[in-house]
Amino acid sequence: MVSPALVLPHEPDERWHLARQLGVEDAVIHPLEIGNGRTQWTYDDLQGLSNWLSEVGLNFSVLEGSVPISDRVRLGREGRDADIEVFKQFLRNCGEVGIPVVCYDWMAGVRWARTGAHVEARGGSYVTEFDVDKTRGGPETLPDATHEDLWEGLEYFLREVVPVAEAAGVKLGLHPDDPPRASLRDVPRIVTSVENYERVLDIYDSEYNGVTFCQGNFAAMGADVPAAIERFGDRINFVHFRDVEGDADRFVETWHDDGPTDMLAAMRAYERHVDDDVVMRPDHVPTMAGEDNSNPGYHTNGRLFAIGYMRGLREQVRTDG
Ligand SMILES: [Mn+2]
């Protein structure tokens, strides 16, 4: 059984109340900046936000933005131990506040990438696209990074931090590289296939070393989505519900009810194989009429639609038994 959740701002506004009106109780906090240019959470920030959320009946269920992992940690470079200590203290703080899941990623240098954000979809709504032929240039800050650097960095990181996560009671969910390509703009990537996830899970065998199942990325990998959900099962700690049309070279995002993946079969797989306390949020929704597309994928109306659709799918799965 999975619960629909929403990305909410880290300060209260009407979206907190829209969530409650939709019957959503689980908040996913995903800011890129906490305020005044700061990007790192203190214990007081986290506790204050948790108190604020609980006042309106929301759980602080997942933290996925401003998670302190540096590229020197990801690439195993000089100085990583000091940065890993920062992450360990961050995990302990999350545990003290009672945040059960932290979502992180292993994308060095180039973050999630799209080559277009004004692709027309149903009724003149906008979705994003990726086309590898439209990507240009490499970042200047990552000379000579290799796949092996990333693997070694991730292995070292997980051996250091998973015991701390276990002690703190905070589960980790590794988000796929988006798009899931072996390299992007000359920077290597490793979180790009079901097989590579198996390797990640084997590095440290613990439910605290888990997956953020960002469904659209698994679709872009060419994976059988329901089969992958069953395969990872109780190692899935968080879900991003979305779909794409295409593959890792070229895709467009779709409305949740209008993509190629069998979303009912996916929901059935989550209900059967994933732990009860896992939350699922809509990811990358279409921009709808009246919205300015200044933050593609993250406007409000498409999320309201997605939550209704997710709840309907879940009800169908439960009715089918
Ligand atoms: Mn995602």
# chains A, B, ... in the order shown; residues from 1 in each chain; ligands from 1
call {"tool": "residues_near_ligand", "arguments": {"ligand": "ligand 1", "cutoff": "9 Å", "atoms": "only C-alpha atoms and all ligand atoms", "output": "ChimeraX atom specification"}}
result
/A:112,175-178,212-217,239-242,282-284
call {"tool": "residues_around", "arguments": {"residues": "A:Ala167", "least_positions_apart": "6", "cutoff": "12 Å", "atoms": "only C-alpha atoms", "output": "number ranges by chain"}}
result
A: 88-89, 91-96, 100, 161, 206, 208
call {"tool": "write_last_selection", "arguments": {"atoms": "all heavy atoms", "output": "compact mmCIF listing (two decimals), in the first residue's frame"}}
result
# COMPACT_ATOMS: atom_id res chain seq x y z
N LYS A 88 26.63 12.69 7.25
CA LYS A 88 26.26 11.84 8.41
C LYS A 88 25.53 12.67 9.46
O LYS A 88 24.52 12.21 10.03
CB LYS A 88 27.52 11.21 9.03
CG LYS A 88 28.12 10.10 8.20
CD LYS A 88 29.38 9.59 8.90
CE LYS A 88 30.01 8.44 8.12
NZ LYS A 88 31.31 8.03 8.72
N GLN A 89 26.03 13.87 9.73
CA GLN A 89 25.36 14.71 10.72
C GLN A 89 23.97 15.12 10.24
O GLN A 89 23.00 15.14 11.02
CB GLN A 89 26.20 15.95 11.03
CG GLN A 89 25.63 16.81 12.16
CD GLN A 89 25.44 16.00 13.45
OE1 GLN A 89 26.33 15.25 13.87
NE2 GLN A 89 24.26 16.12 14.08
N LEU A 91 22.06 13.27 8.36
CA LEU A 91 21.20 12.09 8.57
C LEU A 91 20.77 11.99 10.04
O LEU A 91 19.61 11.68 10.34
CB LEU A 91 21.93 10.80 8.20
CG LEU A 91 22.02 10.46 6.72
CD1 LEU A 91 22.77 9.13 6.56
CD2 LEU A 91 20.65 10.36 6.07
N ARG A 92 21.71 12.24 10.93
CA ARG A 92 21.35 12.18 12.36
C ARG A 92 20.31 13.23 12.68
O ARG A 92 19.38 12.98 13.45
CB ARG A 92 22.61 12.37 13.22
CG ARG A 92 23.60 11.23 13.14
CD ARG A 92 24.76 11.41 14.13
NE ARG A 92 25.86 10.53 13.78
CZ ARG A 92 26.98 10.92 13.15
NH1 ARG A 92 27.17 12.21 12.85
NH2 ARG A 92 27.92 10.05 12.85
N ASN A 93 20.46 14.42 12.10
CA ASN A 93 19.46 15.48 12.33
C ASN A 93 18.09 15.05 11.80
O ASN A 93 17.07 15.26 12.47
CB ASN A 93 19.89 16.78 11.64
CG ASN A 93 21.12 17.40 12.28
OD1 ASN A 93 21.51 17.04 13.39
ND2 ASN A 93 21.74 18.33 11.58
N CYS A 94 18.07 14.47 10.60
CA CYS A 94 16.80 14.00 10.04
C CYS A 94 16.17 12.96 10.98
O CYS A 94 14.95 12.98 11.20
CB CYS A 94 17.01 13.39 8.65
SG CYS A 94 17.41 14.59 7.37
N GLY A 95 17.00 12.08 11.50
CA GLY A 95 16.49 11.06 12.41
C GLY A 95 15.90 11.67 13.67
O GLY A 95 14.83 11.26 14.13
N GLU A 96 16.58 12.65 14.23
CA GLU A 96 16.09 13.31 15.45
C GLU A 96 14.74 13.96 15.21
O GLU A 96 13.87 13.97 16.09
CB GLU A 96 17.09 14.39 15.91
CG GLU A 96 18.38 13.86 16.49
CD GLU A 96 18.16 13.23 17.87
OE1 GLU A 96 17.27 13.69 18.60
OE2 GLU A 96 18.87 12.26 18.16
N PRO A 100 11.58 10.12 7.79
CA PRO A 100 11.91 8.71 7.59
C PRO A 100 12.70 8.39 6.32
O PRO A 100 13.31 7.32 6.24
CB PRO A 100 10.55 8.01 7.54
CG PRO A 100 9.58 9.08 7.12
CD PRO A 100 10.14 10.38 7.61
N VAL A 161 27.93 5.53 5.16
CA VAL A 161 26.72 6.21 5.65
C VAL A 161 25.56 5.27 5.97
O VAL A 161 24.70 5.64 6.78
CB VAL A 161 26.23 7.33 4.70
CG1 VAL A 161 27.35 8.31 4.40
CG2 VAL A 161 25.62 6.79 3.42
N SER A 206 20.86 -3.74 2.98
CA SER A 206 20.08 -3.17 4.07
C SER A 206 18.89 -2.47 3.48
O SER A 206 19.00 -1.84 2.42
CB SER A 206 20.94 -2.16 4.86
OG SER A 206 20.12 -1.34 5.69
N TYR A 208 17.86 0.12 4.43
CA TYR A 208 18.19 1.55 4.50
C TYR A 208 18.97 2.01 3.27
O TYR A 208 19.11 3.21 3.04
CB TYR A 208 18.96 1.85 5.80
CG TYR A 208 18.01 1.79 6.98
CD1 TYR A 208 17.68 0.59 7.58
CD2 TYR A 208 17.40 2.95 7.45
CE1 TYR A 208 16.77 0.52 8.63
CE2 TYR A 208 16.49 2.90 8.49
CZ TYR A 208 16.18 1.68 9.08
OH TYR A 208 15.27 1.63 10.10
call {"tool": "closest_residue", "arguments": {"among": "A:Met288, A:Ala306, A:Ile236, A:Val211", "to": "A:Asp257", "atoms": "only C-alpha atoms"}}
result
A:Ala306
call {"tool": "select_by_dssp", "arguments": {"residues": "stretch 52-290 of chain A", "states": "strand (DSSP E or B)", "output": "compact mmCIF listing (two decimals) with N, CA and C atoms, in the first residue's frame"}}
result
# COMPACT_ATOMS: atom_id res chain seq x y z
N ASN A 59 2.63 15.23 7.37
CA ASN A 59 3.84 14.54 7.82
C ASN A 59 5.03 14.99 6.98
N PHE A 60 6.16 15.19 7.62
CA PHE A 60 7.41 15.46 6.90
C PHE A 60 7.95 14.10 6.47
N SER A 61 7.51 13.62 5.29
CA SER A 61 7.73 12.21 4.94
C SER A 61 9.01 11.95 4.16
N VAL A 62 9.41 12.90 3.32
CA VAL A 62 10.63 12.71 2.53
C VAL A 62 11.32 14.05 2.36
N LEU A 63 12.65 14.03 2.50
CA LEU A 63 13.46 15.20 2.16
C LEU A 63 14.25 14.85 0.91
N VAL A 101 12.67 9.29 5.31
CA VAL A 101 13.31 8.97 4.03
C VAL A 101 14.05 10.18 3.49
N VAL A 102 15.27 9.94 3.02
CA VAL A 102 16.03 10.96 2.29
C VAL A 102 16.31 10.43 0.88
N CYS A 103 15.97 11.25 -0.11
CA CYS A 103 16.22 10.92 -1.52
C CYS A 103 17.49 11.63 -1.96
N TYR A 104 18.39 10.89 -2.64
CA TYR A 104 19.63 11.51 -3.11
C TYR A 104 19.92 10.99 -4.52
N ASP A 105 20.93 11.56 -5.16
CA ASP A 105 21.27 11.11 -6.50
C ASP A 105 22.78 11.07 -6.67
N GLY A 116 14.12 20.81 -23.98
CA GLY A 116 12.98 21.66 -24.32
C GLY A 116 11.96 21.61 -23.21
N ALA A 117 11.27 22.72 -22.99
CA ALA A 117 10.29 22.78 -21.91
C ALA A 117 8.95 23.32 -22.39
N HIS A 118 8.83 23.52 -23.70
CA HIS A 118 7.59 24.11 -24.25
C HIS A 118 7.04 23.22 -25.36
N VAL A 119 7.08 21.91 -25.13
CA VAL A 119 6.54 20.98 -26.12
C VAL A 119 5.04 20.87 -25.88
N GLU A 120 4.27 21.10 -26.94
CA GLU A 120 2.81 21.08 -26.75
C GLU A 120 2.29 19.67 -26.60
N TYR A 126 1.86 22.13 -21.80
CA TYR A 126 3.28 22.01 -22.13
C TYR A 126 3.93 20.89 -21.32
N VAL A 127 4.78 20.12 -22.00
CA VAL A 127 5.61 19.13 -21.31
C VAL A 127 7.07 19.36 -21.73
N THR A 128 7.98 18.65 -21.04
CA THR A 128 9.41 18.80 -21.34
C THR A 128 9.86 17.66 -22.26
N GLU A 129 11.00 17.89 -22.89
CA GLU A 129 11.58 16.85 -23.75
C GLU A 129 13.08 16.79 -23.55
N PHE A 130 13.63 15.64 -23.98
CA PHE A 130 15.08 15.49 -24.04
C PHE A 130 15.43 14.91 -25.41
N ASP A 131 16.43 15.49 -26.04
CA ASP A 131 16.93 14.98 -27.32
C ASP A 131 18.45 15.09 -27.28
N LYS A 171 15.78 6.07 6.01
CA LYS A 171 16.06 5.25 4.83
C LYS A 171 16.52 6.11 3.66
N LEU A 172 17.49 5.60 2.91
CA LEU A 172 18.00 6.29 1.73
C LEU A 172 17.33 5.75 0.48
N GLY A 173 17.04 6.65 -0.46
CA GLY A 173 16.49 6.25 -1.75
C GLY A 173 17.28 6.91 -2.86
N LEU A 174 18.02 6.10 -3.62
CA LEU A 174 18.85 6.64 -4.71
C LEU A 174 17.99 6.87 -5.95
N HIS A 175 17.97 8.12 -6.40
CA HIS A 175 17.20 8.49 -7.60
C HIS A 175 18.01 8.15 -8.85
N SER A 183 26.47 8.40 -20.49
CA SER A 183 27.15 9.67 -20.28
C SER A 183 26.25 10.79 -20.81
N LEU A 184 26.47 11.96 -20.29
CA LEU A 184 25.72 13.12 -20.73
C LEU A 184 26.67 14.30 -20.78
N VAL A 187 30.05 13.67 -19.42
CA VAL A 187 30.21 13.26 -18.02
C VAL A 187 29.59 11.86 -17.86
N PRO A 188 30.35 10.90 -17.31
CA PRO A 188 29.81 9.55 -17.14
C PRO A 188 28.70 9.51 -16.09
N ASN A 209 19.51 1.06 2.51
CA ASN A 209 20.15 1.35 1.23
C ASN A 209 19.16 1.00 0.13
N GLY A 210 18.33 1.97 -0.27
CA GLY A 210 17.22 1.66 -1.15
C GLY A 210 17.13 2.54 -2.38
N VAL A 211 15.97 2.40 -3.04
CA VAL A 211 15.73 2.99 -4.36
C VAL A 211 14.67 4.09 -4.26
N THR A 212 14.90 5.21 -4.95
CA THR A 212 13.79 6.10 -5.32
C THR A 212 13.37 5.67 -6.72
N PHE A 213 12.20 5.05 -6.81
CA PHE A 213 11.76 4.50 -8.09
C PHE A 213 11.10 5.60 -8.90
N CYS A 214 11.93 6.37 -9.63
CA CYS A 214 11.42 7.43 -10.50
C CYS A 214 11.00 6.76 -11.80
N ILE A 236 12.44 -0.51 -2.40
CA ILE A 236 11.92 0.77 -2.89
C ILE A 236 11.45 1.57 -1.68
N ASN A 237 12.09 2.71 -1.47
CA ASN A 237 11.77 3.53 -0.29
C ASN A 237 10.96 4.77 -0.63
N PHE A 238 10.80 5.07 -1.92
CA PHE A 238 10.13 6.30 -2.34
C PHE A 238 9.83 6.13 -3.83
N VAL A 239 8.69 6.71 -4.27
CA VAL A 239 8.30 6.57 -5.68
C VAL A 239 8.02 7.93 -6.29
N HIS A 240 8.54 8.15 -7.51
CA HIS A 240 8.14 9.27 -8.36
C HIS A 240 7.27 8.68 -9.46
N PHE A 241 6.00 9.11 -9.49
CA PHE A 241 5.04 8.54 -10.43
C PHE A 241 4.95 9.43 -11.66
N VAL A 244 7.11 8.64 -19.58
CA VAL A 244 7.68 9.30 -20.76
C VAL A 244 7.35 8.47 -21.98
N GLU A 245 7.39 9.13 -23.14
CA GLU A 245 7.26 8.46 -24.42
C GLU A 245 8.61 8.59 -25.10
N GLY A 246 9.28 7.45 -25.34
CA GLY A 246 10.58 7.50 -25.99
C GLY A 246 11.60 6.70 -25.21
N ASP A 247 12.87 7.01 -25.41
CA ASP A 247 13.94 6.28 -24.73
C ASP A 247 14.98 7.27 -24.22
N ARG A 250 15.94 10.12 -26.57
CA ARG A 250 14.95 11.07 -27.05
C ARG A 250 13.61 10.74 -26.40
N PHE A 251 13.07 11.64 -25.63
CA PHE A 251 11.74 11.37 -25.07
C PHE A 251 11.00 12.67 -24.80
N VAL A 252 9.69 12.56 -24.68
CA VAL A 252 8.87 13.64 -24.14
C VAL A 252 8.18 13.10 -22.90
N GLU A 253 7.94 13.98 -21.94
CA GLU A 253 7.15 13.58 -20.77
C GLU A 253 5.68 13.57 -21.19
N VAL A 279 5.80 6.37 0.34
CA VAL A 279 4.97 7.39 -0.29
C VAL A 279 5.39 7.57 -1.75
N MET A 280 4.41 8.06 -2.52
CA MET A 280 4.54 8.19 -3.97
C MET A 280 4.08 9.58 -4.36
N ARG A 281 4.95 10.32 -5.02
CA ARG A 281 4.51 11.64 -5.45
C ARG A 281 4.47 11.73 -6.96
N PRO A 282 3.53 12.53 -7.51
CA PRO A 282 3.61 12.81 -8.93
C PRO A 282 4.88 13.60 -9.20
N THR A 287 2.36 21.55 -17.69
CA THR A 287 1.97 22.92 -17.37
C THR A 287 0.65 23.21 -18.05
call {"tool": "residues_around", "arguments": {"residues": "A:Arg318", "least_positions_apart": "2", "cutoff": "12 Å", "atoms": "only C-alpha atoms", "output": "PyMOL selection string"}}
result
chain A and resi 1-2+264+267-272+311-316+320-321
call {"tool": "write_last_selection", "arguments": {"atoms": "all heavy atoms", "output": "tab-separated table (two decimals), in the first residue's frame"}}
result
chain	number	residue	atom	x	y	z
A	1	MET	N	0.85	-1.19	0.00
A	1	MET	CA	0.00	0.00	0.00
A	1	MET	C	0.89	1.24	0.00
A	1	MET	O	1.76	1.39	0.84
A	1	MET	CB	-0.87	-0.02	1.26
A	1	MET	CG	-1.94	1.03	1.26
A	1	MET	SD	-2.83	1.03	2.82
A	1	MET	CE	-3.29	-0.68	3.01
A	2	VAL	N	0.70	2.10	-0.96
A	2	VAL	CA	1.50	3.31	-1.05
A	2	VAL	C	0.58	4.52	-0.91
A	2	VAL	O	-0.58	4.46	-1.28
A	2	VAL	CB	2.26	3.39	-2.39
A	2	VAL	CG1	3.41	2.40	-2.42
A	2	VAL	CG2	1.32	3.13	-3.56
A	264	LEU	N	-1.92	1.21	-14.42
A	264	LEU	CA	-2.68	0.36	-13.48
A	264	LEU	C	-1.83	-0.84	-13.06
A	264	LEU	O	-1.78	-1.18	-11.87
A	264	LEU	CB	-4.00	-0.09	-14.13
A	264	LEU	CG	-4.89	-0.97	-13.25
A	264	LEU	CD1	-5.30	-0.26	-11.96
A	264	LEU	CD2	-6.15	-1.40	-14.04
A	267	MET	N	0.68	0.44	-10.58
A	267	MET	CA	0.09	0.65	-9.25
A	267	MET	C	-0.15	-0.69	-8.55
A	267	MET	O	0.07	-0.81	-7.34
A	267	MET	CB	-1.21	1.44	-9.38
A	267	MET	CG	-1.82	1.83	-8.05
A	267	MET	SD	-0.79	2.99	-7.09
A	267	MET	CE	-1.16	4.53	-7.94
A	268	ARG	N	-0.59	-1.68	-9.32
A	268	ARG	CA	-0.81	-3.00	-8.72
A	268	ARG	C	0.51	-3.54	-8.15
A	268	ARG	O	0.55	-4.10	-7.05
A	268	ARG	CB	-1.39	-3.96	-9.76
A	268	ARG	CG	-1.81	-5.30	-9.20
A	268	ARG	CD	-2.55	-6.15	-10.23
A	268	ARG	NE	-3.82	-5.56	-10.61
A	268	ARG	CZ	-4.12	-5.13	-11.84
A	268	ARG	NH1	-3.25	-5.23	-12.82
A	268	ARG	NH2	-5.30	-4.59	-12.08
A	269	ALA	N	1.59	-3.35	-8.89
A	269	ALA	CA	2.89	-3.83	-8.42
A	269	ALA	C	3.34	-3.10	-7.15
A	269	ALA	O	3.86	-3.71	-6.21
A	269	ALA	CB	3.94	-3.67	-9.53
A	270	TYR	N	3.11	-1.79	-7.09
A	270	TYR	CA	3.46	-1.06	-5.86
A	270	TYR	C	2.64	-1.60	-4.69
A	270	TYR	O	3.16	-1.81	-3.59
A	270	TYR	CB	3.18	0.44	-6.01
A	270	TYR	CG	4.06	1.17	-6.99
A	270	TYR	CD1	3.50	1.86	-8.06
A	270	TYR	CD2	5.45	1.17	-6.86
A	270	TYR	CE1	4.29	2.54	-8.97
A	270	TYR	CE2	6.24	1.85	-7.77
A	270	TYR	CZ	5.65	2.53	-8.82
A	270	TYR	OH	6.44	3.20	-9.71
A	271	GLU	N	1.34	-1.78	-4.92
A	271	GLU	CA	0.48	-2.22	-3.82
A	271	GLU	C	0.88	-3.60	-3.31
A	271	GLU	O	0.80	-3.87	-2.12
A	271	GLU	CB	-0.98	-2.23	-4.29
A	271	GLU	CG	-1.58	-0.84	-4.45
A	271	GLU	CD	-2.07	-0.25	-3.13
A	271	GLU	OE1	-3.01	-0.78	-2.53
A	271	GLU	OE2	-1.48	0.76	-2.72
A	272	ARG	N	1.35	-4.45	-4.21
A	272	ARG	CA	1.67	-5.82	-3.82
A	272	ARG	C	3.07	-5.98	-3.25
A	272	ARG	O	3.30	-6.83	-2.40
A	272	ARG	CB	1.57	-6.75	-5.04
A	272	ARG	CG	0.14	-6.99	-5.45
A	272	ARG	CD	0.02	-8.27	-6.29
A	272	ARG	NE	-1.38	-8.42	-6.70
A	272	ARG	CZ	-1.77	-8.82	-7.90
A	272	ARG	NH1	-0.86	-9.12	-8.81
A	272	ARG	NH2	-3.04	-8.93	-8.18
A	311	ARG	N	-5.08	8.18	-7.08
A	311	ARG	CA	-6.04	7.64	-6.11
A	311	ARG	C	-7.05	6.73	-6.80
A	311	ARG	O	-7.46	5.70	-6.25
A	311	ARG	CB	-6.74	8.77	-5.36
A	311	ARG	CG	-5.81	9.49	-4.39
A	311	ARG	CD	-6.46	10.75	-3.85
A	311	ARG	NE	-7.52	10.44	-2.92
A	311	ARG	CZ	-7.37	10.40	-1.59
A	311	ARG	NH1	-6.19	10.65	-1.07
A	311	ARG	NH2	-8.38	10.12	-0.82
A	312	GLY	N	-7.44	7.11	-8.03
A	312	GLY	CA	-8.37	6.27	-8.78
A	312	GLY	C	-7.75	4.92	-9.13
A	312	GLY	O	-8.39	3.87	-9.00
A	313	LEU	N	-6.48	4.94	-9.56
A	313	LEU	CA	-5.79	3.68	-9.88
A	313	LEU	C	-5.70	2.80	-8.63
A	313	LEU	O	-5.93	1.59	-8.69
A	313	LEU	CB	-4.38	3.98	-10.38
A	313	LEU	CG	-4.22	4.60	-11.76
A	313	LEU	CD1	-2.76	4.93	-12.01
A	313	LEU	CD2	-4.73	3.66	-12.85
A	314	ARG	N	-5.36	3.43	-7.51
A	314	ARG	CA	-5.21	2.66	-6.28
A	314	ARG	C	-6.54	2.03	-5.87
A	314	ARG	O	-6.59	0.88	-5.43
A	314	ARG	CB	-4.64	3.55	-5.18
A	314	ARG	CG	-4.11	2.77	-3.99
A	314	ARG	CD	-3.48	3.66	-2.96
A	314	ARG	NE	-4.46	4.60	-2.39
A	314	ARG	CZ	-4.27	5.24	-1.25
A	314	ARG	NH1	-3.15	5.08	-0.57
A	314	ARG	NH2	-5.18	6.06	-0.79
A	315	GLU	N	-7.60	2.81	-6.04
A	315	GLU	CA	-8.93	2.27	-5.70
A	315	GLU	C	-9.28	1.08	-6.59
A	315	GLU	O	-9.84	0.09	-6.12
A	315	GLU	CB	-9.97	3.39	-5.83
A	315	GLU	CG	-11.32	3.00	-5.30
A	315	GLU	CD	-12.27	4.20	-5.26
A	315	GLU	OE1	-11.80	5.33	-5.02
A	315	GLU	OE2	-13.46	3.99	-5.48
A	316	GLN	N	-8.93	1.20	-7.88
A	316	GLN	CA	-9.20	0.08	-8.79
A	316	GLN	C	-8.42	-1.16	-8.36
A	316	GLN	O	-8.97	-2.27	-8.34
A	316	GLN	CB	-8.81	0.48	-10.22
A	316	GLN	CG	-9.11	-0.59	-11.25
A	316	GLN	CD	-10.59	-0.85	-11.39
A	316	GLN	OE1	-11.39	0.10	-11.52
A	316	GLN	NE2	-10.99	-2.11	-11.33
A	320	ASP	N	-10.10	-4.66	-7.26
A	320	ASP	CA	-9.78	-5.92	-7.93
A	320	ASP	C	-9.29	-6.97	-6.94
A	320	ASP	O	-9.41	-8.17	-7.19
A	320	ASP	CB	-8.67	-5.71	-8.98
A	320	ASP	CG	-9.15	-4.87	-10.15
A	320	ASP	OD1	-10.37	-4.70	-10.30
A	320	ASP	OD2	-8.29	-4.38	-10.91
A	321	GLY	N	-8.72	-6.51	-5.81
A	321	GLY	CA	-8.27	-7.42	-4.76
A	321	GLY	C	-6.97	-8.12	-5.09
A	321	GLY	O	-6.45	-8.07	-6.17
